[in-house]
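Asker: Below is the file my_file-v3.csv, which contains CSV, C-alpha atoms.
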```
chain,number,residue,atom,x,y,z
X,13,MET,CA,-39.4,-7.6,-36.3
X,14,THR,CA,-39.6,-10.2,-39.1
X,15,GLY,CA,-36.1,-11.7,-39.3
X,16,HIS,CA,-33.8,-13.1,-36.6
X,17,LEU,CA,-31.6,-11.0,-34.4
X,18,THR,CA,-28.2,-10.2,-35.8
X,19,THR,CA,-24.9,-10.9,-34.1
X,20,GLN,CA,-24.6,-7.3,-33.2
X,21,GLN,CA,-28.1,-7.2,-31.6
X,22,ILE,CA,-27.5,-10.3,-29.6
X,23,GLU,CA,-24.2,-8.9,-28.3
X,24,GLU,CA,-25.9,-5.6,-27.6
X,25,LEU,CA,-28.4,-7.5,-25.6
X,26,LEU,CA,-25.7,-8.9,-23.4
X,27,ILE,CA,-23.7,-5.7,-23.2
X,28,ASP,CA,-26.4,-3.0,-22.5
X,29,GLY,CA,-29.7,-4.8,-22.1
X,30,ALA,CA,-32.5,-5.0,-24.6
X,31,ASP,CA,-35.1,-2.6,-25.8
X,32,VAL,CA,-38.8,-3.6,-25.8
X,33,GLN,CA,-38.8,-4.7,-29.5
X,34,THR,CA,-35.8,-7.0,-29.1
X,35,ARG,CA,-37.2,-8.5,-25.9
X,36,ASP,CA,-40.5,-9.2,-27.6
X,37,HIS,CA,-38.7,-10.9,-30.4
X,38,LEU,CA,-36.6,-12.9,-28.0
X,39,ILE,CA,-39.7,-14.2,-26.3
X,40,SER,CA,-41.3,-15.3,-29.5
X,41,CYS,CA,-38.2,-16.6,-31.4
X,42,GLU,CA,-36.8,-19.9,-30.1
X,43,SER,CA,-33.7,-19.8,-32.3
X,44,CYS,CA,-32.6,-16.3,-31.2
X,45,ARG,CA,-33.4,-17.2,-27.5
X,46,SER,CA,-31.3,-20.3,-27.7
X,47,GLU,CA,-28.4,-18.5,-29.2
X,48,TRP,CA,-28.6,-15.7,-26.7
X,49,GLY,CA,-29.2,-18.1,-23.9
X,50,HIS,CA,-26.1,-20.2,-24.8
X,51,LEU,CA,-23.8,-17.2,-24.9
X,52,ASP,CA,-25.3,-15.8,-21.7
X,53,GLU,CA,-24.8,-19.2,-20.0
X,54,MET,CA,-21.2,-19.3,-21.0
X,55,LEU,CA,-20.6,-15.8,-19.7
X,56,GLN,CA,-22.3,-16.8,-16.4
X,57,LEU,CA,-20.2,-19.9,-16.2
X,58,TYR,CA,-17.1,-17.7,-16.8
X,59,LYS,CA,-18.2,-15.3,-14.1
X,60,SER,CA,-18.8,-18.2,-11.7
X,61,SER,CA,-15.4,-19.8,-12.4
X,62,ALA,CA,-13.6,-16.4,-12.2
X,63,THR,CA,-15.2,-15.7,-8.9
X,64,LEU,CA,-14.5,-19.2,-7.6
X,65,ALA,CA,-10.9,-19.0,-8.7
X,66,ALA,CA,-10.3,-15.6,-7.1
X,67,ASP,CA,-12.1,-16.5,-3.9
X,68,SER,CA,-10.0,-19.7,-3.6
X,69,VAL,CA,-6.7,-17.7,-3.6
X,70,ILE,CA,-7.9,-14.7,-1.6
X,71,ALA,CA,-6.1,-14.2,1.7
X,72,PRO,CA,-8.4,-15.2,4.7
X,73,GLN,CA,-8.0,-11.8,6.5
X,74,PRO,CA,-7.2,-8.4,5.4
X,75,ILE,CA,-3.5,-7.6,5.7
X,76,PHE,CA,-3.9,-4.0,4.8
X,77,VAL,CA,-3.0,-2.6,8.2
X,78,ALA,CA,-0.2,-5.0,8.9
X,79,ARG,CA,1.4,-4.5,5.5
X,80,GLN,CA,1.1,-0.7,5.8
X,81,SER,CA,2.8,-0.7,9.2
X,82,ALA,CA,5.5,-3.1,7.9
X,83,SER,CA,6.2,-1.1,4.8
X,84,ARG,CA,5.8,2.4,6.2
X,85,GLY,CA,6.7,1.9,9.9
X,86,ASN,CA,9.7,-0.4,10.2
X,87,VAL,CA,11.9,0.9,7.5
X,88,PRO,CA,12.0,4.5,8.7
X,89,ARG,CA,12.5,3.3,12.3
X,90,LEU,CA,15.5,1.2,11.2
X,91,LYS,CA,16.9,4.1,9.3
X,92,LEU,CA,16.5,6.3,12.4
X,93,ILE,CA,18.2,3.8,14.6
X,94,PHE,CA,21.1,3.5,12.0
X,95,ALA,CA,21.4,7.3,11.7
X,96,GLY,CA,21.4,7.6,15.5
X,97,ALA,CA,24.2,4.9,15.8
X,98,ILE,CA,26.3,6.8,13.3
X,99,LEU,CA,25.8,10.1,15.1
X,100,VAL,CA,26.7,8.5,18.5
X,101,GLY,CA,29.8,7.0,16.8
X,102,MET,CA,30.8,10.4,15.4
X,103,PHE,CA,30.4,12.4,18.6
X,104,LEU,CA,31.7,9.8,21.1
X,105,PRO,CA,35.4,10.7,20.7
X,106,PHE,CA,34.6,14.4,21.2
X,107,PHE,CA,32.6,13.7,24.2
X,108,GLU,CA,35.3,11.5,25.7
X,109,GLN,CA,37.9,14.3,25.0
X,110,HIS,CA,35.7,16.9,26.6
X,111,ARG,CA,35.3,14.7,29.7
X,112,GLN,CA,39.1,14.3,30.0
X,113,HIS,CA,39.5,18.0,29.9
X,114,GLU,CA,36.9,18.5,32.6
X,115,ARG,CA,38.6,15.8,34.7
X,116,ARG,CA,42.0,17.5,34.3
X,117,ALA,CA,40.6,21.0,35.1
X,118,ALA,CA,38.9,19.5,38.3
X,119,GLU,CA,42.3,18.0,39.3
X,120,ILE,CA,44.1,21.3,38.8
X,121,ALA,CA,41.4,23.1,40.8
X,122,ARG,CA,41.8,20.6,43.6
X,123,ASP,CA,45.6,21.0,43.6
X,124,ASN,CA,45.3,24.8,43.7
X,125,LEU,CA,42.9,24.5,46.7
X,126,LEU,CA,45.4,22.3,48.5
X,127,LEU,CA,48.3,24.6,47.7
X,128,GLU,CA,46.2,27.5,49.0
X,129,GLN,CA,45.5,25.6,52.2
X,130,VAL,CA,49.2,24.8,52.5
X,131,ASP,CA,50.1,28.5,52.0
X,132,GLN,CA,47.6,29.5,54.6
X,133,ALA,CA,49.0,27.0,57.1
X,134,VAL,CA,52.5,28.1,56.4
X,135,SER,CA,51.7,31.8,56.7
X,136,GLU,CA,50.0,31.4,60.0
X,137,PRO,CA,52.0,32.8,63.0
X,138,VAL,CA,53.7,30.2,65.3
X,139,PRO,CA,51.5,29.3,68.2
X,140,GLN,CA,52.3,30.6,71.6
X,141,PRO,CA,53.5,27.3,73.1
X,142,LEU,CA,56.0,26.8,70.3
X,143,GLU,CA,57.3,30.3,70.3
X,144,SER,CA,60.2,29.4,72.6
X,145,LEU,CA,61.2,26.6,70.2
X,146,ARG,CA,61.3,29.1,67.3
X,147,HIS,CA,63.9,31.2,69.1
X,148,LEU,CA,65.8,28.1,69.9
X,149,VAL,CA,66.0,27.0,66.3
X,150,VAL,CA,67.0,30.5,65.2
X,151,SER,CA,69.7,30.9,67.9
X,152,GLU,CA,71.1,27.4,67.2
X,153,LYS,CA,71.3,28.1,63.5
X,154,ASN,CA,72.7,31.6,63.6
X,155,THR,CA,75.2,31.6,66.5
X,156,THR,CA,78.1,32.5,64.2
X,157,PRO,CA,78.0,35.6,62.0
X,158,ALA,CA,78.6,35.4,58.3
X,159,PRO,CA,82.0,36.2,56.9
X,160,GLY,CA,82.4,40.0,56.5
X,161,ILE,CA,80.0,40.9,59.3
X,162,SER,CA,81.3,42.0,62.6
X,163,LYS,CA,80.2,40.2,65.8
X,164,GLU,CA,78.7,43.4,67.2
X,165,LYS,CA,76.6,44.1,64.2
X,166,PHE,CA,75.4,40.5,64.2
X,167,ASN,CA,74.4,40.8,67.9
X,168,GLU,CA,72.6,44.1,67.2
X,169,ASN,CA,70.5,42.5,64.5
X,170,GLU,CA,69.6,39.6,66.8
H,16,MET,CA,-34.5,28.6,-5.0
H,17,GLU,CA,-36.0,25.4,-6.3
H,18,GLN,CA,-32.6,24.0,-7.2
H,19,ALA,CA,-31.3,24.5,-3.7
H,20,PHE,CA,-33.0,21.5,-2.3
H,21,PRO,CA,-31.7,18.8,-4.8
H,22,LEU,CA,-28.3,20.3,-4.5
H,23,GLU,CA,-28.4,19.9,-0.7
H,24,ILE,CA,-29.4,16.3,-1.2
H,25,ILE,CA,-26.6,15.7,-3.6
H,26,ASN,CA,-24.1,17.4,-1.3
H,27,SER,CA,-25.3,15.4,1.7
H,28,ARG,CA,-25.0,12.2,-0.3
H,29,ALA,CA,-21.5,13.1,-1.3
H,30,ASP,CA,-20.7,13.9,2.4
H,31,ALA,CA,-22.1,10.6,3.4
H,32,ARG,CA,-19.8,8.9,0.9
H,33,VAL,CA,-16.8,10.9,2.0
H,34,LEU,CA,-17.6,9.8,5.5
H,35,GLU,CA,-17.7,6.2,4.2
H,36,LEU,CA,-14.2,6.7,2.9
H,37,ASP,CA,-13.0,7.9,6.3
H,38,ASP,CA,-13.7,4.5,7.8
H,39,VAL,CA,-10.9,2.7,6.0
H,40,GLY,CA,-11.5,-0.6,7.9
H,41,GLU,CA,-15.1,-0.8,6.8
H,42,LEU,CA,-14.1,0.2,3.3
H,43,VAL,CA,-11.6,-2.6,3.1
H,44,ARG,CA,-14.1,-5.1,4.6
H,45,VAL,CA,-16.8,-4.2,2.1
H,46,TYR,CA,-14.9,-3.8,-1.1
H,47,ARG,CA,-11.6,-5.7,-0.7
H,48,THR,CA,-12.8,-9.0,-2.2
H,49,ARG,CA,-14.2,-7.4,-5.4
H,50,VAL,CA,-11.2,-5.1,-5.9
H,51,PHE,CA,-8.8,-8.0,-5.3
H,52,ARG,CA,-10.8,-10.3,-7.7
H,53,TYR,CA,-10.6,-7.7,-10.4
H,54,ALA,CA,-6.9,-7.1,-9.8
H,55,LEU,CA,-6.2,-10.9,-9.7
H,56,LEU,CA,-8.1,-11.6,-12.9
H,57,SER,CA,-6.4,-8.7,-14.7
H,58,LEU,CA,-2.8,-9.5,-13.5
H,59,LYS,CA,-2.9,-13.2,-12.9
H,60,ASP,CA,-0.5,-12.8,-10.1
H,61,ARG,CA,-1.6,-13.1,-6.5
H,62,ASP,CA,1.1,-11.1,-4.9
H,63,LEU,CA,0.8,-8.3,-7.4
H,64,ALA,CA,-3.0,-8.4,-7.0
H,65,GLU,CA,-2.6,-8.0,-3.3
H,66,THR,CA,-0.2,-5.2,-3.7
H,67,VAL,CA,-2.5,-3.4,-6.1
H,68,THR,CA,-5.5,-4.0,-3.8
H,69,GLN,CA,-3.6,-2.5,-0.8
H,70,ASP,CA,-2.3,0.4,-2.8
H,71,CYS,CA,-5.8,1.0,-4.1
H,72,PHE,CA,-7.2,1.4,-0.6
H,73,LEU,CA,-4.3,3.4,0.6
H,74,LYS,CA,-4.6,5.8,-2.4
H,75,ALA,CA,-8.4,6.0,-1.9
H,76,PHE,CA,-7.9,6.9,1.8
H,77,ASN,CA,-5.2,9.5,1.1
H,78,THR,CA,-7.1,11.1,-1.7
H,79,ARG,CA,-10.6,10.8,-0.2
H,80,ASN,CA,-10.9,14.6,-0.2
H,81,GLN,CA,-10.8,14.5,-4.0
H,82,TYR,CA,-13.9,12.3,-4.1
H,83,ARG,CA,-16.9,14.4,-5.2
H,84,GLY,CA,-19.5,11.7,-5.1
H,85,GLU,CA,-20.2,11.7,-8.8
H,86,CYS,CA,-20.0,7.9,-8.9
H,87,SER,CA,-20.4,5.1,-6.4
H,88,VAL,CA,-17.5,4.4,-4.0
H,89,TYR,CA,-17.0,1.0,-5.7
H,90,THR,CA,-16.6,2.7,-9.2
H,91,TRP,CA,-14.2,5.1,-7.7
H,92,LEU,CA,-12.1,2.3,-6.2
H,93,ILE,CA,-12.2,0.4,-9.5
H,94,LYS,CA,-11.0,3.6,-11.2
H,95,ILE,CA,-8.0,3.7,-8.9
H,96,ALA,CA,-7.4,0.0,-9.3
H,97,PHE,CA,-7.6,0.3,-13.1
H,98,ASN,CA,-4.9,3.0,-13.1
H,99,LEU,CA,-2.7,1.0,-10.8
H,100,ILE,CA,-3.1,-2.1,-12.9
H,101,CYS,CA,-2.2,-0.1,-16.0
H,102,ASP,CA,0.9,1.2,-14.2
H,103,HIS,CA,1.9,-2.4,-13.3
H,104,THR,CA,1.3,-3.9,-16.7
H,105,ARG,CA,3.4,-1.1,-18.2
H,106,THR,CA,6.3,-1.3,-15.8
H,107,ARG,CA,6.3,-5.0,-15.2
H,108,ARG,CA,5.5,-6.0,-18.7
H,109,PHE,CA,8.0,-8.9,-18.7
H,110,GLN,CA,6.5,-10.5,-15.6
H,111,PHE,CA,3.0,-10.0,-16.8
H,112,TRP,CA,3.6,-11.8,-20.1
H,113,LYS,CA,5.5,-14.5,-18.3
H,114,HIS,CA,2.6,-15.2,-16.0
H,115,ALA,CA,0.1,-14.7,-18.8
H,116,SER,CA,1.4,-17.9,-20.5
H,117,THR,CA,0.0,-20.1,-17.8
H,118,SER,CA,-3.5,-20.1,-16.3
H,119,PHE,CA,-3.9,-19.9,-12.6
H,120,VAL,CA,-7.4,-21.3,-12.7
H,121,ASP,CA,-8.1,-24.9,-12.1
H,122,LEU,CA,-11.3,-25.6,-14.0
H,123,SER,CA,-11.6,-29.0,-12.3
H,124,LEU,CA,-12.7,-27.0,-9.3
H,125,LEU,CA,-15.9,-26.2,-11.2
H,126,GLU,CA,-16.7,-29.8,-12.0
H,127,ASN,CA,-19.3,-30.1,-9.2
H,128,GLN,CA,-20.9,-26.9,-10.2
H,129,LEU,CA,-21.0,-27.8,-13.9
H,130,ALA,CA,-22.3,-31.2,-13.2
H,131,ALA,CA,-25.1,-29.8,-11.1
H,132,GLN,CA,-26.0,-27.3,-13.8
H,133,GLN,CA,-25.9,-29.7,-16.8
H,134,GLN,CA,-28.2,-32.5,-17.3
H,135,SER,CA,-25.7,-35.2,-18.3
H,136,ALA,CA,-22.1,-36.0,-18.1
H,137,GLU,CA,-21.7,-35.4,-21.8
H,138,THR,CA,-23.1,-31.9,-21.7
H,139,SER,CA,-21.0,-31.2,-18.6
H,140,VAL,CA,-17.8,-32.2,-20.4
H,141,LEU,CA,-18.8,-30.0,-23.4
H,142,ALA,CA,-19.6,-27.1,-21.2
H,143,ARG,CA,-16.2,-27.5,-19.5
H,144,GLU,CA,-14.4,-27.5,-22.8
H,145,LYS,CA,-16.2,-24.4,-24.0
H,146,LEU,CA,-15.5,-22.7,-20.7
H,147,SER,CA,-11.8,-23.4,-21.0
H,148,GLN,CA,-12.1,-21.9,-24.6
H,149,VAL,CA,-13.7,-18.8,-23.1
H,150,TRP,CA,-10.8,-18.5,-20.6
H,151,ALA,CA,-8.3,-18.9,-23.3
H,152,VAL,CA,-9.9,-16.2,-25.4
H,153,VAL,CA,-10.2,-13.8,-22.5
H,154,GLU,CA,-6.5,-14.3,-21.7
H,155,GLN,CA,-5.7,-13.3,-25.3
H,156,LEU,CA,-7.6,-10.1,-25.2
H,157,SER,CA,-5.7,-6.8,-25.1
H,158,ALA,CA,-5.3,-5.3,-21.6
H,159,ARG,CA,-8.0,-2.7,-22.1
H,160,GLN,CA,-10.4,-5.2,-23.7
H,161,LYS,CA,-9.8,-7.6,-20.9
H,162,SER,CA,-10.4,-5.0,-18.2
H,163,VAL,CA,-13.6,-3.8,-19.8
H,164,PHE,CA,-14.8,-7.4,-20.3
H,165,LEU,CA,-14.0,-8.3,-16.7
H,166,LEU,CA,-15.8,-5.2,-15.4
H,167,ARG,CA,-18.9,-5.9,-17.4
H,168,PHE,CA,-19.2,-9.7,-17.2
H,169,VAL,CA,-17.6,-10.5,-13.8
H,170,GLU,CA,-18.1,-7.3,-11.8
H,171,GLU,CA,-21.4,-6.7,-13.6
H,172,MET,CA,-20.8,-3.0,-13.9
H,173,ASN,CA,-22.9,-1.1,-16.6
H,174,VAL,CA,-21.4,0.6,-19.6
H,175,LEU,CA,-21.5,4.1,-18.0
H,176,GLU,CA,-19.8,2.9,-14.8
H,177,ILE,CA,-17.1,1.2,-16.8
H,178,ALA,CA,-16.6,4.4,-18.9
H,179,HIS,CA,-16.2,6.4,-15.7
H,180,ALA,CA,-13.8,3.9,-14.1
H,181,THR,CA,-11.6,3.5,-17.1
H,182,GLY,CA,-11.8,7.1,-18.4
H,183,MET,CA,-13.0,5.8,-21.8
H,184,LYS,CA,-16.1,7.0,-23.7
H,185,ALA,CA,-19.2,4.8,-23.4
H,186,GLY,CA,-19.0,4.1,-27.2
H,187,THR,CA,-15.4,3.0,-26.8
H,188,VAL,CA,-16.3,0.7,-24.0
H,189,LYS,CA,-19.1,-0.8,-26.2
H,190,ILE,CA,-16.7,-1.3,-29.1
H,191,HIS,CA,-14.3,-3.2,-26.8
H,192,LEU,CA,-17.1,-5.4,-25.4
H,193,HIS,CA,-18.4,-6.2,-28.9
H,194,ARG,CA,-14.9,-7.2,-30.1
H,195,ALA,CA,-14.4,-9.3,-27.0
H,196,LEU,CA,-17.7,-11.1,-27.5
H,197,GLY,CA,-17.0,-11.4,-31.2
H,198,LYS,CA,-13.8,-13.3,-30.4
H,199,ILE,CA,-15.6,-15.5,-27.9
H,200,ARG,CA,-18.3,-16.3,-30.3
H,201,ALA,CA,-15.8,-17.0,-33.1
H,202,GLU,CA,-13.9,-19.4,-30.8
H,203,LEU,CA,-17.1,-21.2,-29.8
H,204,GLY,CA,-18.2,-21.3,-33.4
H,205,GLU,CA,-21.4,-19.5,-32.9
H,206,SER,CA,-21.2,-16.7,-35.4
H,207,ARG,CA,-24.4,-15.8,-37.2
H,208,ALA,CA,-24.4,-14.2,-40.6
```
Show me, as structure tokens, the structure contained in the file I just sent.
Answerer:
Amino acid sequence: MTGHLTTQQIEELLIDGADVQTRDHLISCESCRSEWGHLDEMLQLYKSSATLAADSVIAPQPIFVARQSASRGNVPRLKLIFAGAILVGMFLPFFEQHRQHERRAAEIARDNLLLEQVDQAVSEPVPQPLESLRHLVVSEKNTTPAPGISKEKFNENE
Amino acid sequence: MEQAFPLEIINSRADARVLELDDVGELVRVYRTRVFRYALLSLKDRDLAETVTQDCFLKAFNTRNQYRGECSVYTWLIKIAFNLICDHTRTRRFQFWKHASTSFVDLSLLENQLAAQQQSAETSVLAREKLSQVWAVVEQLSARQKSVFLLRFVEEMNVLEIAHATGMKAGTVKIHLHRALGKIRAELGESRA
């Protein structure tokens, strides 16, 4: 290689490395080495500054998991709670109505049971010790026959 | 029969990489800084860069079965990040340009480093000026040129890896890089006939 490296060749050197011929020329040519070196130095400085700038603002610890759980965990949970509250609000009146019906049915059943007990007690025959009182009450009430019934007929029935 | 052995090796490597993807905690620990840096430099918005980084790892984990091992895990992650960044710059164009008008980098942070590298205060000041010019030029590059430039000169990926990550042809990547370098050289006044 007789002449100096072209702009294209120097850029190619930085982009994709150099072939043997270009490298040999770079070693022997002070001017080309200086130009390449200066540009390379600026790019290295740029890299250092970019790295430094990025590292200075980077968060101290990874927040990947925390953010993931915050963004994907809490929102659906809140939605579920909200939906649950709405459902409870919707079904609460029906539930309350159902409970009232049940309470009323239980009361009716209790009343029926009591009435049955009363009926049973009423239909039971009069105990032996009170049998005489029964005759007494009947005789006191019905000593006079009803109008239109003769006294003989009344006494027969008795 | 001879081809069976290399294929087994290839498959076992791919399996090992898929296993690497299964451990999302380790994946984040190893690659998070680099993915975040690329996202931050591309978007210039810390919150957005963090969102992209997290989405990138989430997507990588969810689609880990699609990973065939034809590239490194890092290249695959950058490919996902590149697509996410493209989506964000498309949908949040307004915010992007609003943020692009101001630089988030404080070059005064580099003073010590520059002073240590340069021989005198004068050369240090000159280097700082030129560095700010480089930053300005990079910010003015198109989104694709900037992405390619960052992947080559900050992330130090080679042309084929960049081509794989961005879905461009290797020739297209080189054209983008030549144009970006041409603009930097023009700004620095170093063009050679």
Asker: Just checking: using all atoms listed in the file, which residue out of X:His16, X:His110, X:Lys59, X:Arg115 ends up closest to chain H?
Answerer: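 Residue with the minimum atom-to-atom distance to chain H: X:Lys59.
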Asker: When you get a sec, could you note down which chain X residues fall within 6 Å of chain H, using only C-alpha atoms, as a PyMOL selection string?
Answerer: chain X and resi 19+59+65-66+76
Asker: Given all atoms listed in the file as the basis, pick out the residue of H:Glu144, H:Asp60, H:Glu202, H:Glu85 nearest to His103 of chain H.
Answerer: H:Asp60
Asker: At what distance in Å, to one decimal, does atom CA of Gln21 of chain X lie from atom CA of Thr34 of chain X?
Answerer: 8.1 Å
Asker: Residues within 12 Å of (-26.7, -19.0, -27.6), file coordinates, counting only C-alpha atoms: what are they? Give the list as number ranges by chain.
Answerer: X: 17, 19, 22-23, 25-26, 38, 42-55; H: 196, 199-200, 203-207
Asker: Could you tell me which of H:Ser57, H:Gln160, H:Gln155, H:Asn80 comes closest to Phe97 of chain H if we count all atoms listed in the file?
Answerer: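 Once distances to Phe97 of chain H are computed over all atoms listed in the file, the minimum belongs to H:Ser57.
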Asker: When you draw a straight line from atom CA of Gly186 of chain H to atom CA of Ala30 of chain X, how long is it in Å?
Answerer: 16.5 Å
Asker: Quick check, in Å to one decimal: how far apart do atom CA of Ala158 of chain H and atom CA of Leu58 of chain H lie?
Answerer: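 Computing it gives 9.5 Å between the two atoms.
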